[in-house]
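Visitor: Next up is a structure, given as structure tokens.
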Amino acid sequence: MSDSAVDPRLLRPPPKRGMRLSWADERFRAIIWQVLIVGVVVGIVWWLVRNTQHNLEVRRIATGFGFLNREAGLPIGEHLIEYTPASTYARALLVGVLNTLKVAVIGIVLATILGTLIGIARLSKNWLLSRIAGAYIEAVRDVPLLLQLLFWYTIMQMLPAPRQSLNPVTGVFLSNRGLRLPWIQWQDAHSFALLGFVIGVIGAILYVRSARAKRMQDGQPRKVWPAVLGLVVVLPLVIWAGLGAPWQGDIPALRGFNFQGGFSVSPEYFALLAGLVTYTAAFIAEIVRAGIQAVPAGQWEAAEALGLSRSRVMRLIVLPQALRVIVPPMTSQYLNLAKNSSLAVAIGYQDIVSIANTTLNQTGQAIEGIAIIMAVYLCISLSISLFMNWYNARIALVER
Amino acid sequence: MAETLAESAAPRPAAVGPAEARRPPMSVVGPVAWARASLFSSWWSTAITLALAYLLVRWAMGLVDWAFINAIWSVPVNDQGIAQTQACRALEGRGACWAVITEKYRFILFGTYPYDQHWRPLLCILLFIGLYIVSAMRRFWRKELALVWVATLVLIGVLMWGGILGMPYVPQERWGGLAITLILATFGIAFAFPLAVLVALGRRSRMPAIKTLCIVYVELIRGVPLISLLFMASVMFPLFLPEGMNIDKLLRAQVAIILFAAAYLAEVIRGGLQALSRGQYEAADALGLSYWQKTGFIILPQALRLVIPPLVNTFIGLFKDTSLVLIIGIFDLLTAGKTAVVEPAWQGFGVEVYVFVGLIYFIFCFAMSRYSQGLEVELNRHRVR
């Protein structure tokens, strides 16, 4: 690698040539091709835009986003923020976005848990367990998601009416009006306890980090669990007790033809969530299986030879290496789940697609409606990609 | 027995001949050993096995009860042609009402296509299946296969539309069922594939304008759900065209599916282009081949071969995604199934219909998935030691 060994002729820069205006010159050809193709694309787009403008004029369709401030007049069953049919279109669309996020975020969390469990079951030494997991994966992956959603929704509709509702555990009711769960009547003390819990979790993470840093310096193992337990469990409990320990259950009860009180899950939301989670979990299971199998057997054997327990081998040696294989395909599954939540429109759950679709039918402004749908999904996709890329970079192999 | 024992105890003389083969003890091989190793290896594993076996048997018995023992296979039809489904309703979900399938299967498979002409979509379905089987065989992987595809697709168009050779004309609005699903999927792949190859090449091109165009196209399409593209095709597309120019709904949905599939296929093909070693590109350049010669003779044949398994997986996804046209009201297999139980007599028998339609989808997708797995093993044989 010494400099003197390099032939000085190799260090000479290549001769600079001017571009010739001839077909034989590669750079000239490239410019012509690009001008041609960009010209064709711009021409098509211009033609479409001109047609559209003309059509909009002929059909007297308004353009622009002025309709957002008008009264929507469309009823929405599920809303996380205050909403009435007298609210504006902008608010209706915001409700739709929140409903989409409600399904996507909870769906991603549940699908990850279920998918990981099935993936591990697929690798189990127990023949029956691994075969059942395999059959589940194959059956679920080869049937369209939309069909599965319709299937789940049909089953929800076939459940008995509230009066005869299934009651597997006291306080839990399953009927064709959805799922009702017992809940507590929310008071200020609960909010403060929740705040205390969040602060406790942050404090616990910081404490564990500093303890680990100290251990790296002096090699002394430290007990961290008492402090973590105190911060995460005892702190919120003390706050709650200090504020009088309010505890009033909100048990659902049958009044008239429907239930009152409790925590309600609508049949549409339940069917959508169940369909999305069971479908995506099958794909995640395959990713997890492939990721764990990608770690060479030598890594297991070497770790066991060091005397680590099986769970520690999994946690410290195998999982960090498997994650590098798992995370990129997992990202695309999360993106798929978020995009697939748009199928809600087929079973009547009012997500952004459903509400934007109603909006564009009511106002006739198709272009704006579809632009809103696309913008929302592009933002969601981009956020998931950015987060997962950040996570992927964090767990990536540190090389020279 | 005593003899063998004595022999094995004493040192064996060398001239006796080949040793008599003895079976390994029962505790190492055989069904008992297998069960011990893979079903009852620990108390934890035993507990899982027993619990799962119990649940499986109970579920299987319930399924057999529902699907076969308590099931009703046909119901009487009164003189107005309305099915009498009281017997099915009396089951209250304890048994399947397969009568809905025996009564409605032609509607589910062929939609509202004229009843006496059903042989035409049926022949189309068989032609499609034949086309898939021929395309799956490696000995037919040659240039002539493209001609076979063109010929078959033209033949299918002629059969579906009719209007010549004594076949009455059937407008597109009356097509439906499985034939529509296969048309959307097959034409989708046939047109998306060449487009995807061009986009993948464009994305690896050194020309910045073309590269940017391809990246924007792929990322835009992959960032939005297929439904938004289908909505665009059904409500926005008519606004794009000059007045008087009208394209029917099926074709608009087909265009949306082609554009959607091309973006995903392009990413798979780009993976193959990237996996190819640099030396292949350089060697082709050194031979003095032009860009299209290099691409057509050296790069694509190798790159595509590398990505056949993920390509088949993308095809499976696309096949399932054609069911989304239900949302814009196109009469594919799933829409036909959903419509079959709208009739008052058959309301409430959705589960049976969805099981039937799901089985049809499953057969196609499962065949493709098995084929892809087999191909992966075959194509990677040279790497397995």
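Residues are referred to by chain and number: the chain letter is A, B, ... according to the order shown in the structure tokens, the number counts from 1 in that chain, and ligands are numbered separately from 1 in the order shown.
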Neighbours of Ser277 (chain B) within 10 Å (only C-alpha atoms; same-chain residues fewer than 5 positions away dropped), as a list in words?
Guide: Glu282, Ile299 and Ala303 of chain B
Visitor: For chain B versus chain A, which residues have an atom no more than 7 Å away, and what is each residue's nearest atom pair and distance in Å rounded to one decimal, using only C-alpha atoms, chain-then-number order, as JSON lines?
Guide:
{"residue": "B:Ser38", "atom": "CA", "partner": "A:Asn126", "partner_atom": "CA", "distance": 5.0}
{"residue": "B:Leu39", "atom": "CA", "partner": "A:Asn126", "partner_atom": "CA", "distance": 5.3}
{"residue": "B:Ser45", "atom": "CA", "partner": "A:Asn126", "partner_atom": "CA", "distance": 6.4}
{"residue": "B:Thr49", "atom": "CA", "partner": "A:Leu128", "partner_atom": "CA", "distance": 6.5}
{"residue": "B:Met207", "atom": "CA", "partner": "A:Ala30", "partner_atom": "CA", "distance": 6.5}
{"residue": "B:Ala209", "atom": "CA", "partner": "A:Gln34", "partner_atom": "CA", "distance": 6.1}
{"residue": "B:Ile210", "atom": "CA", "partner": "A:Gln34", "partner_atom": "CA", "distance": 6.3}
{"residue": "B:Gly223", "atom": "CA", "partner": "A:Leu378", "partner_atom": "CA", "distance": 5.2}
{"residue": "B:Val224", "atom": "CA", "partner": "A:Tyr377", "partner_atom": "CA", "distance": 5.5}
{"residue": "B:Pro225", "atom": "CA", "partner": "A:Lys339", "partner_atom": "CA", "distance": 4.9}
{"residue": "B:Ser228", "atom": "CA", "partner": "A:Ile370", "partner_atom": "CA", "distance": 6.6}
{"residue": "B:Met232", "atom": "CA", "partner": "A:Ile370", "partner_atom": "CA", "distance": 6.7}
{"residue": "B:Val235", "atom": "CA", "partner": "A:Ala366", "partner_atom": "CA", "distance": 6.5}
{"residue": "B:Met236", "atom": "CA", "partner": "A:Ala366", "partner_atom": "CA", "distance": 6.1}
{"residue": "B:Leu239", "atom": "CA", "partner": "A:Thr52", "partner_atom": "CA", "distance": 5.1}
{"residue": "B:Phe240", "atom": "CA", "partner": "A:Thr52", "partner_atom": "CA", "distance": 4.9}
{"residue": "B:Leu241", "atom": "CA", "partner": "A:Asn51", "partner_atom": "CA", "distance": 5.8}
{"residue": "B:Pro242", "atom": "CA", "partner": "A:Asn51", "partner_atom": "CA", "distance": 5.3}
{"residue": "B:Lys320", "atom": "CA", "partner": "A:Pro144", "partner_atom": "CA", "distance": 4.7}
{"residue": "B:Asp321", "atom": "CA", "partner": "A:Pro144", "partner_atom": "CA", "distance": 6.8}
{"residue": "B:Ser323", "atom": "CA", "partner": "A:Leu146", "partner_atom": "CA", "distance": 7.0}
{"residue": "B:Leu324", "atom": "CA", "partner": "A:Leu146", "partner_atom": "CA", "distance": 6.9}
{"residue": "B:Ile327", "atom": "CA", "partner": "A:Ala346", "partner_atom": "CA", "distance": 6.2}
{"residue": "B:Gly350", "atom": "CA", "partner": "A:Thr154", "partner_atom": "CA", "distance": 6.5}
{"residue": "B:Val351", "atom": "CA", "partner": "A:Phe151", "partner_atom": "CA", "distance": 6.4}
{"residue": "B:Tyr354", "atom": "CA", "partner": "A:Phe151", "partner_atom": "CA", "distance": 6.5}
{"residue": "B:Gly358", "atom": "CA", "partner": "A:Val143", "partner_atom": "CA", "distance": 5.9}
{"residue": "B:Tyr361", "atom": "CA", "partner": "A:Val143", "partner_atom": "CA", "distance": 5.8}
{"residue": "B:Phe362", "atom": "CA", "partner": "A:Asp142", "partner_atom": "CA", "distance": 5.1}
{"residue": "B:Cys365", "atom": "CA", "partner": "A:Asp142", "partner_atom": "CA", "distance": 5.2}
{"residue": "B:Phe366", "atom": "CA", "partner": "A:Asp142", "partner_atom": "CA", "distance": 6.1}
Visitor: Keeping C-alpha atoms, export the residues of the selection given above as a PDB file, in the first residue's frame.
Guide:
ATOM      1  CA  SER B  38     -41.086 -34.061  18.957  1.00  0.00           C
ATOM      2  CA  LEU B  39     -44.244 -34.262  21.053  1.00  0.00           C
ATOM      3  CA  SER B  45     -43.961 -29.668  25.571  1.00  0.00           C
ATOM      4  CA  THR B  49     -49.239 -31.149  22.852  1.00  0.00           C
ATOM      5  CA  MET B 207     -29.701   9.817 -16.653  1.00  0.00           C
ATOM      6  CA  ALA B 209     -34.228  13.093 -15.310  1.00  0.00           C
ATOM      7  CA  ILE B 210     -35.337   9.538 -16.109  1.00  0.00           C
ATOM      8  CA  GLY B 223     -47.105   5.098  -0.662  1.00  0.00           C
ATOM      9  CA  VAL B 224     -50.865   5.071  -1.261  1.00  0.00           C
ATOM     10  CA  PRO B 225     -53.388   2.232  -0.926  1.00  0.00           C
ATOM     11  CA  SER B 228     -57.258   5.333  -3.653  1.00  0.00           C
ATOM     12  CA  MET B 232     -59.187   7.677  -8.912  1.00  0.00           C
ATOM     13  CA  VAL B 235     -64.396   8.984 -10.302  1.00  0.00           C
ATOM     14  CA  MET B 236     -61.401  11.054 -11.482  1.00  0.00           C
ATOM     15  CA  LEU B 239     -62.504  14.055 -15.865  1.00  0.00           C
ATOM     16  CA  PHE B 240     -59.064  13.511 -17.407  1.00  0.00           C
ATOM     17  CA  LEU B 241     -60.323  12.555 -20.840  1.00  0.00           C
ATOM     18  CA  PRO B 242     -61.616  14.870 -23.555  1.00  0.00           C
ATOM     19  CA  LYS B 320     -55.636 -11.274  -4.018  1.00  0.00           C
ATOM     20  CA  ASP B 321     -55.681  -7.498  -4.498  1.00  0.00           C
ATOM     21  CA  SER B 323     -60.732  -8.437  -5.009  1.00  0.00           C
ATOM     22  CA  LEU B 324     -60.575  -4.737  -4.050  1.00  0.00           C
ATOM     23  CA  ILE B 327     -65.368  -1.365  -3.513  1.00  0.00           C
ATOM     24  CA  GLY B 350     -72.753 -15.249   4.045  1.00  0.00           C
ATOM     25  CA  VAL B 351     -70.377 -17.574   5.879  1.00  0.00           C
ATOM     26  CA  TYR B 354     -67.356 -16.726   1.808  1.00  0.00           C
ATOM     27  CA  GLY B 358     -62.255 -18.235  -0.112  1.00  0.00           C
ATOM     28  CA  TYR B 361     -58.869 -17.979  -4.004  1.00  0.00           C
ATOM     29  CA  PHE B 362     -56.950 -20.353  -1.761  1.00  0.00           C
ATOM     30  CA  CYS B 365     -52.780 -18.789  -4.356  1.00  0.00           C
ATOM     31  CA  PHE B 366     -51.702 -22.025  -2.686  1.00  0.00           C
TER      32      PHE B 366
END
Visitor: Which one of B:Leu333, B:Ile308, B:Leu287, B:Leu259 sits closest to Leu379 (chain B) if you count only C-alpha atoms?
Guide: B:Ile308
Visitor: Among region 134-283 of chain A, which ones does DSSP place in helix (DSSP H, G or I), written as JSON, numbers by chain?
Guide: {"A": [134, 135, 136, 137, 138, 139, 140, 141, 145, 146, 147, 148, 149, 150, 151, 152, 153, 154, 155, 156, 157, 158, 162, 163, 164, 188, 189, 190, 191, 192, 193, 194, 195, 196, 197, 198, 199, 200, 201, 202, 203, 204, 205, 206, 207, 208, 209, 210, 211, 212, 213, 214, 215, 216, 217, 218, 225, 226, 227, 228, 229, 230, 231, 232, 233, 234, 235, 236, 237, 238, 239, 240, 241, 242, 267, 268, 269, 270, 271, 272, 273, 274, 275, 276, 277, 278, 279, 280, 281, 282, 283]}
Visitor: Could you save the residues just selected, with C-alpha atoms, as a CSV table (one decimal), in the first residue's frame?
Guide:
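selection-v3.csv written:
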chain,number,residue,atom,x,y,z
A,134,GLY,CA,-47.6,-23.4,9.6
A,135,ALA,CA,-51.2,-24.3,8.6
A,136,TYR,CA,-52.4,-21.0,10.0
A,137,ILE,CA,-49.8,-19.0,8.1
A,138,GLU,CA,-50.6,-20.8,4.8
A,139,ALA,CA,-54.3,-20.6,5.1
A,140,VAL,CA,-54.4,-16.9,6.1
A,141,ARG,CA,-51.9,-15.7,3.5
A,145,LEU,CA,-57.8,-9.7,3.2
A,146,LEU,CA,-61.1,-8.1,1.9
A,147,LEU,CA,-62.8,-11.5,2.0
A,148,GLN,CA,-61.5,-12.1,5.5
A,149,LEU,CA,-62.8,-8.7,6.6
A,150,LEU,CA,-66.2,-9.4,5.1
A,151,PHE,CA,-66.2,-12.8,6.9
A,152,TRP,CA,-65.4,-11.3,10.3
A,153,TYR,CA,-68.0,-8.7,9.8
A,154,THR,CA,-70.6,-11.3,8.8
A,155,ILE,CA,-69.8,-13.2,12.0
A,156,MET,CA,-70.2,-10.1,14.0
A,157,GLN,CA,-73.6,-9.5,12.5
A,158,MET,CA,-74.6,-13.1,13.2
A,162,PRO,CA,-77.9,-7.3,23.0
A,163,ARG,CA,-80.7,-8.9,25.0
A,164,GLN,CA,-79.3,-12.4,24.3
A,188,ASP,CA,-58.7,13.7,37.7
A,189,ALA,CA,-56.9,11.4,40.1
A,190,HIS,CA,-56.5,8.8,37.3
A,191,SER,CA,-55.1,11.4,34.9
A,192,PHE,CA,-52.5,12.4,37.6
A,193,ALA,CA,-51.7,8.8,38.2
A,194,LEU,CA,-51.2,8.2,34.5
A,195,LEU,CA,-48.9,11.3,34.4
A,196,GLY,CA,-47.0,9.8,37.3
A,197,PHE,CA,-46.6,6.5,35.4
A,198,VAL,CA,-45.2,8.2,32.3
A,199,ILE,CA,-42.7,10.2,34.5
A,200,GLY,CA,-41.8,7.0,36.3
A,201,VAL,CA,-41.1,5.1,33.1
A,202,ILE,CA,-38.9,7.9,31.8
A,203,GLY,CA,-37.1,8.0,35.2
A,204,ALA,CA,-36.7,4.3,35.2
A,205,ILE,CA,-35.1,4.3,31.7
A,206,LEU,CA,-32.7,7.0,32.7
A,207,TYR,CA,-31.8,5.2,36.0
A,208,VAL,CA,-31.2,1.9,34.1
A,209,ARG,CA,-29.0,3.7,31.6
A,210,SER,CA,-26.8,5.4,34.3
A,211,ALA,CA,-26.6,2.1,36.2
A,212,ARG,CA,-25.4,0.3,33.0
A,213,ALA,CA,-22.8,3.1,32.4
A,214,LYS,CA,-21.5,2.7,35.9
A,215,ARG,CA,-21.3,-1.0,35.5
A,216,MET,CA,-19.3,-0.5,32.3
A,217,GLN,CA,-16.8,1.4,34.4
A,218,ASP,CA,-16.3,-0.7,37.5
A,225,TRP,CA,-35.3,-3.7,39.8
A,226,PRO,CA,-36.2,-2.2,43.2
A,227,ALA,CA,-35.8,1.4,41.9
A,228,VAL,CA,-37.6,0.5,38.6
A,229,LEU,CA,-40.5,-1.1,40.5
A,230,GLY,CA,-40.7,2.0,42.8
A,231,LEU,CA,-40.8,4.4,39.9
A,232,VAL,CA,-43.1,2.5,37.5
A,233,VAL,CA,-45.6,0.9,40.0
A,234,VAL,CA,-45.4,2.5,43.4
A,235,LEU,CA,-45.2,6.2,42.3
A,236,PRO,CA,-48.5,6.2,40.3
A,237,LEU,CA,-50.2,4.2,43.1
A,238,VAL,CA,-49.0,6.7,45.7
A,239,ILE,CA,-50.4,9.6,43.6
A,240,TRP,CA,-53.7,7.8,43.1
A,241,ALA,CA,-54.0,6.9,46.8
A,242,GLY,CA,-52.9,10.5,47.8
A,267,PRO,CA,-68.6,-4.3,15.5
A,268,GLU,CA,-67.0,-2.5,12.5
A,269,TYR,CA,-63.9,-1.6,14.5
A,270,PHE,CA,-63.7,-5.1,16.0
A,271,ALA,CA,-64.1,-6.8,12.6
A,272,LEU,CA,-61.5,-4.5,11.0
A,273,LEU,CA,-59.0,-4.9,13.8
A,274,ALA,CA,-59.4,-8.7,14.0
A,275,GLY,CA,-59.1,-9.1,10.2
A,276,LEU,CA,-56.0,-6.8,9.9
A,277,VAL,CA,-54.2,-8.3,12.9
A,278,THR,CA,-54.8,-12.0,12.0
A,279,TYR,CA,-53.8,-11.4,8.3
A,280,THR,CA,-50.7,-9.3,9.0
A,281,ALA,CA,-49.6,-11.6,11.8
A,282,ALA,CA,-49.2,-14.5,9.3
A,283,PHE,CA,-46.8,-12.4,7.3
Visitor: Just want the 12 Å neighbourhood of Pro301 (chain B), counted on only C-alpha atoms, with same-chain residues fewer than 2 positions away dropped. Output as a VMD selection string.
Guide: chain B and resid 141 to 143 197 269 272 to 273 276 280 293 to 299 303 to 308
Visitor: Could you save the residues just selected, with N, CA and C atoms, as a compact mmCIF listing (two decimals), in the first residue's frame?
Guide:
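File written: result-v1.txt
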# COMPACT_ATOMS: atom_id res chain seq x y z
N TRP B 141 -40.01 -22.01 -21.20
CA TRP B 141 -39.50 -20.66 -20.98
C TRP B 141 -38.65 -20.24 -22.16
N ARG B 142 -39.29 -19.77 -23.21
CA ARG B 142 -38.56 -19.28 -24.36
C ARG B 142 -39.39 -18.17 -24.98
N LYS B 143 -38.83 -17.59 -26.05
CA LYS B 143 -39.47 -16.38 -26.59
C LYS B 143 -40.87 -16.65 -27.11
N VAL B 197 -40.28 -3.66 -16.02
CA VAL B 197 -38.88 -3.84 -16.45
C VAL B 197 -38.31 -2.48 -16.86
N ILE B 269 -37.83 -6.39 -9.51
CA ILE B 269 -36.87 -6.56 -10.61
C ILE B 269 -35.60 -5.76 -10.32
N GLY B 272 -33.22 -7.72 -8.45
CA GLY B 272 -32.46 -8.64 -9.27
C GLY B 272 -31.33 -7.94 -10.01
N LEU B 273 -31.61 -6.74 -10.52
CA LEU B 273 -30.58 -5.99 -11.24
C LEU B 273 -29.43 -5.65 -10.30
N LEU B 276 -27.03 -8.67 -9.39
CA LEU B 276 -26.12 -9.15 -10.43
C LEU B 276 -24.75 -8.52 -10.23
N GLN B 280 -20.59 -8.62 -14.77
CA GLN B 280 -21.46 -8.93 -15.91
C GLN B 280 -21.69 -7.68 -16.76
N GLN B 293 -28.61 -4.24 -26.29
CA GLN B 293 -28.06 -5.60 -26.44
C GLN B 293 -27.61 -6.13 -25.09
N LYS B 294 -26.89 -5.27 -24.36
CA LYS B 294 -26.39 -5.67 -23.05
C LYS B 294 -27.56 -6.05 -22.15
N THR B 295 -28.58 -5.20 -22.13
CA THR B 295 -29.72 -5.44 -21.25
C THR B 295 -30.49 -6.70 -21.66
N GLY B 296 -30.72 -6.84 -22.97
CA GLY B 296 -31.56 -7.93 -23.44
C GLY B 296 -30.89 -9.28 -23.41
N PHE B 297 -29.59 -9.32 -23.70
CA PHE B 297 -28.91 -10.62 -23.81
C PHE B 297 -28.19 -11.03 -22.54
N ILE B 298 -27.67 -10.06 -21.79
CA ILE B 298 -26.81 -10.39 -20.64
C ILE B 298 -27.53 -10.14 -19.31
N ILE B 299 -28.05 -8.94 -19.13
CA ILE B 299 -28.50 -8.53 -17.80
C ILE B 299 -29.86 -9.14 -17.45
N ALA B 303 -30.91 -11.46 -14.33
CA ALA B 303 -31.54 -10.75 -13.21
C ALA B 303 -32.95 -11.29 -12.95
N LEU B 304 -33.70 -11.54 -14.02
CA LEU B 304 -35.07 -12.03 -13.83
C LEU B 304 -35.08 -13.41 -13.21
N ARG B 305 -34.11 -14.26 -13.63
CA ARG B 305 -34.05 -15.60 -13.08
C ARG B 305 -33.81 -15.56 -11.57
N LEU B 306 -33.00 -14.57 -11.15
CA LEU B 306 -32.71 -14.45 -9.72
C LEU B 306 -33.97 -14.13 -8.91
N VAL B 307 -34.90 -13.40 -9.50
CA VAL B 307 -36.03 -12.91 -8.69
C VAL B 307 -37.33 -13.63 -8.99
N ILE B 308 -37.29 -14.81 -9.61
CA ILE B 308 -38.55 -15.48 -9.91
C ILE B 308 -39.37 -15.77 -8.63
Visitor: Skip Tyr371 (chain B) itself and residues of its chain fewer than 4 positions away, then list as a list in words all residues within 10 Å of it, counting only C-alpha atoms.
Guide: Ala136, Pro309, Val312, Cys365, Phe366, Ala367, Leu375 and Glu376 of chain B
Visitor: Excluding same-chain residues fewer than 5 positions from region 61-67 of chain B, what lies within 8 Å of it counting only C-alpha atoms, as a list in words?
Guide: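 What passes the distance filter is Gly93, Arg94, Gly95 and Ala96 of chain B.
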Visitor: With C-alpha atoms retained, write the just-selected residues as a CSV table (one decimal), in the first residue's frame.
Guide:
chain,number,residue,atom,x,y,z
B,93,GLY,CA,-76.1,-22.0,12.6
B,94,ARG,CA,-75.6,-25.6,13.8
B,95,GLY,CA,-75.1,-26.8,10.3
B,96,ALA,CA,-73.9,-25.3,7.0
Visitor: I'd like the neighbourhood of Ile251 (chain A) as a list of chain:residue names, where a residue qualifies if any of its atoms comes within 7 Å (using only C-alpha atoms), though same-chain residues fewer than 2 positions away should be ignored.
Guide: A:Gly171, A:Pro182, A:Trp183, A:Gly249, A:Ala253, A:Gly261, A:Gly262
Visitor: Please, could you write that set of residues out with C-alpha atoms as a tab-separated table (two decimals), in the first residue's frame?
Guide:
chain	number	residue	atom	x	y	z
A	171	GLY	CA	-69.23	-7.48	32.70
A	182	PRO	CA	-66.13	-2.83	32.09
A	183	TRP	CA	-64.18	0.39	32.61
A	249	GLY	CA	-66.54	0.89	38.19
A	253	ALA	CA	-75.77	-2.76	31.74
A	261	GLY	CA	-71.90	2.49	30.17
A	262	GLY	CA	-68.67	0.58	29.95
Visitor: Measure the distance from CA of Val325 (chain A) to CA of Gly291 (chain A) in Å and round it to one decimal.
Guide: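 Atom-to-atom, CA of Val325 (chain A) and CA of Gly291 (chain A) are spaced 5.3 Å apart.
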Visitor: Residues at most 12 Å from Gln84 (chain B), counting only C-alpha atoms, excluding those fewer than 2 positions away in the same chain, as JSON, numbers by chain?
Guide: {"B": [74, 75, 76, 77, 78, 79, 80, 81, 82, 86, 87, 88, 89, 90, 99, 100, 103, 344, 345, 346]}
Visitor: Kindly export the residues of the current selection with C-alpha atoms, as a short mmCIF file (atom, residue, chain, number, x, y, z; two decimals), in the first residue's frame.
Guide:
data_model
loop_
_atom_site.label_atom_id
_atom_site.label_comp_id
_atom_site.auth_asym_id
_atom_site.auth_seq_id
_atom_site.Cartn_x
_atom_site.Cartn_y
_atom_site.Cartn_z
CA SER B 74 -80.38 -28.62 -1.36
CA VAL B 75 -83.70 -26.93 -0.70
CA PRO B 76 -86.98 -27.04 -2.64
CA VAL B 77 -87.83 -24.16 -5.00
CA ASN B 78 -91.47 -23.00 -5.31
CA ASP B 79 -93.23 -22.24 -8.62
CA GLN B 80 -92.14 -18.56 -8.57
CA GLY B 81 -88.55 -19.78 -8.59
CA ILE B 82 -87.92 -18.64 -5.03
CA GLN B 86 -86.91 -22.53 6.10
CA ALA B 87 -85.03 -25.80 6.63
CA CYS B 88 -81.72 -23.91 6.57
CA ARG B 89 -82.97 -21.23 8.96
CA ALA B 90 -84.20 -23.93 11.36
CA ALA B 99 -77.83 -25.25 -0.65
CA VAL B 100 -76.86 -21.63 -1.21
CA GLU B 103 -78.26 -22.98 -5.99
CA PRO B 344 -83.96 -12.07 0.87
CA ALA B 345 -84.24 -15.87 0.67
CA TRP B 346 -80.52 -16.31 1.13
#
Visitor: Using only C-alpha atoms, which of B:Val57, B:Ala83, B:Ala185, B:Ile360 sits nearest Glu343 (chain B)?
Guide: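 For Glu343 (chain B), the nearest of the given residues is B:Ala83.
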Visitor: For a quick check of understanding, using only C-alpha atoms, which of B:Leu229, B:Met167, B:Leu91, B:Val357 has the smallest distance to Ile108 (chain B)?
Guide: B:Val357
Visitor: How far is it from CA of Thr85 (chain B) to CA of Val355 (chain B), in Å with one decimal?
Guide: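 It comes out at 19.0 Å.
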